[in-house]
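Q: Below are the structure tokens for one structure; questions will follow.
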Amino acid sequence: MPESAGFEGVSGRDALHDYSVSHSESFWAAVARQRLSWIRPFDAVQDCDLSQGRIKWFEGGKLNVSVNCLDRHVHTCPERVALIWERDEQGSEVRYTYR
């Protein structure tokens, strides 16, 4: 994960996992800022209280799902396969790229 470079003393998967548990706010804030394109940045990373059934992530933020799932890849890796449609006929498939 490229974000691990931003966390001092974190190298390797196990250390990154430990950091994500012990510093969840800063970890998820960094991941969200690095990996998602925001229309409006979030104000708070999380506001969760399971005993009250309240689970809120990235409150105040606004995303466009199409931009984050499709559009960003059109510019960076247009020939990468985005979807594989497996037809009813066995062994028959169609591959669609981001382009």
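Just so we're on the same page: first chain in the structure tokens is A, next is B, and so on; residues restart at 1 for each chain, and ligands are numbered from 1 in the order they show up.
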For A:Gly60, please output as a PyMOL selection string all residues within 8 Å (counting only C-alpha atoms; exclusion window: fewer than 3 positions along the same chain).
A: chain A and resi 40-44
Q: Residues of the last selection are to be written out with N, CA, C and O atoms, as a PDB file, in the first residue's frame.
A:
```
ATOM      1  N   ARG A  40     -16.379  17.228  -2.094  1.00  0.00           N
ATOM      2  CA  ARG A  40     -16.252  18.025  -0.868  1.00  0.00           C
ATOM      3  C   ARG A  40     -15.550  17.146   0.155  1.00  0.00           C
ATOM      4  O   ARG A  40     -15.988  16.028   0.424  1.00  0.00           O
ATOM      5  N   PRO A  41     -14.454  17.614   0.747  1.00  0.00           N
ATOM      6  CA  PRO A  41     -13.716  16.806   1.725  1.00  0.00           C
ATOM      7  C   PRO A  41     -14.562  16.513   2.970  1.00  0.00           C
ATOM      8  O   PRO A  41     -15.444  17.287   3.338  1.00  0.00           O
ATOM      9  N   PHE A  42     -14.277  15.412   3.616  1.00  0.00           N
ATOM     10  CA  PHE A  42     -14.999  15.035   4.829  1.00  0.00           C
ATOM     11  C   PHE A  42     -14.519  15.877   6.008  1.00  0.00           C
ATOM     12  O   PHE A  42     -13.394  16.358   6.040  1.00  0.00           O
ATOM     13  N   ASP A  43     -15.423  16.034   6.989  1.00  0.00           N
ATOM     14  CA  ASP A  43     -15.111  16.781   8.213  1.00  0.00           C
ATOM     15  C   ASP A  43     -14.618  15.856   9.319  1.00  0.00           C
ATOM     16  O   ASP A  43     -13.797  16.249  10.133  1.00  0.00           O
ATOM     17  N   ALA A  44     -15.157  14.640   9.355  1.00  0.00           N
ATOM     18  CA  ALA A  44     -14.801  13.671  10.392  1.00  0.00           C
ATOM     19  C   ALA A  44     -14.651  12.302   9.739  1.00  0.00           C
ATOM     20  O   ALA A  44     -15.430  11.944   8.860  1.00  0.00           O
TER      21      ALA A  44
END
```
Q: Which of stretch 6-93 of chain A end up as helix (DSSP H, G or I) when DSSP is run on this backbone - answer as a PyMOL selection string?
A: chain A and resi 6+13-22+24-35+50-52+65-76
Q: Taking into account only C-alpha atoms, which residue in the set A:Ser20, A:Ser11, A:Ser66, A:Gln52 is nearest to A:Ser37?
A: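 Closest residue, counting only C-alpha atoms: A:Ser66.
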Q: Go ahead and compute the interatomic distance for atom CA of A:Tyr98 and atom CA of A:Cys77, in Å to one decimal.
A: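 Calculated distance between atom CA of A:Tyr98 and atom CA of A:Cys77 is 7.4 Å.
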Q: From the set A:Asp88, A:Val94, A:Val65, A:Pro78, which residue has the shortest atom-to-atom contact distance to A:Leu36, counting only C-alpha atoms?
A: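 Closest to A:Leu36 of all the choices is A:Val65.
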Q: Give me, as a list of chain:residue names, all polymer residues having an atom no more than 12 Å from A:His17, counting only C-alpha atoms and skipping those fewer than 4 positions away in the same chain.
A: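 Counting only C-alpha atoms, the residues come to A:Met1, A:Ser4, A:Phe7, A:Val10, A:Ser11, A:Gly12, A:Arg13, A:Val21, A:Ser22, A:His23, A:Ser24, A:Phe27, A:Trp28.
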Q: Could those selected residues go to a file with C-alpha atoms, as an mmCIF file, in the first residue's frame?
A:
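Written file, selection.cif:
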```
data_model
loop_
_atom_site.group_PDB
_atom_site.id
_atom_site.type_symbol
_atom_site.label_atom_id
_atom_site.label_comp_id
_atom_site.auth_asym_id
_atom_site.auth_seq_id
_atom_site.Cartn_x
_atom_site.Cartn_y
_atom_site.Cartn_z
ATOM 1 C CA MET A 1 0.000 0.000 0.000
ATOM 2 C CA SER A 4 2.319 3.186 4.313
ATOM 3 C CA PHE A 7 3.213 6.499 8.430
ATOM 4 C CA VAL A 10 5.462 1.395 9.272
ATOM 5 C CA SER A 11 6.877 -1.110 6.831
ATOM 6 C CA GLY A 12 5.253 -4.326 5.731
ATOM 7 C CA ARG A 13 1.757 -5.676 5.874
ATOM 8 C CA VAL A 21 -5.945 -0.638 14.378
ATOM 9 C CA SER A 22 -4.043 1.585 16.813
ATOM 10 C CA HIS A 23 -4.364 4.809 14.776
ATOM 11 C CA SER A 24 -7.585 4.182 12.868
ATOM 12 C CA PHE A 27 -4.978 5.690 8.842
ATOM 13 C CA TRP A 28 -8.426 5.852 7.227
#
```
Q: Between A:Ile39, A:Ala32, A:Val81, A:Val74, which has the minimum distance to A:Phe58 (counting only C-alpha atoms)?
A: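 Smallest distance to A:Phe58 is found for A:Ala32.
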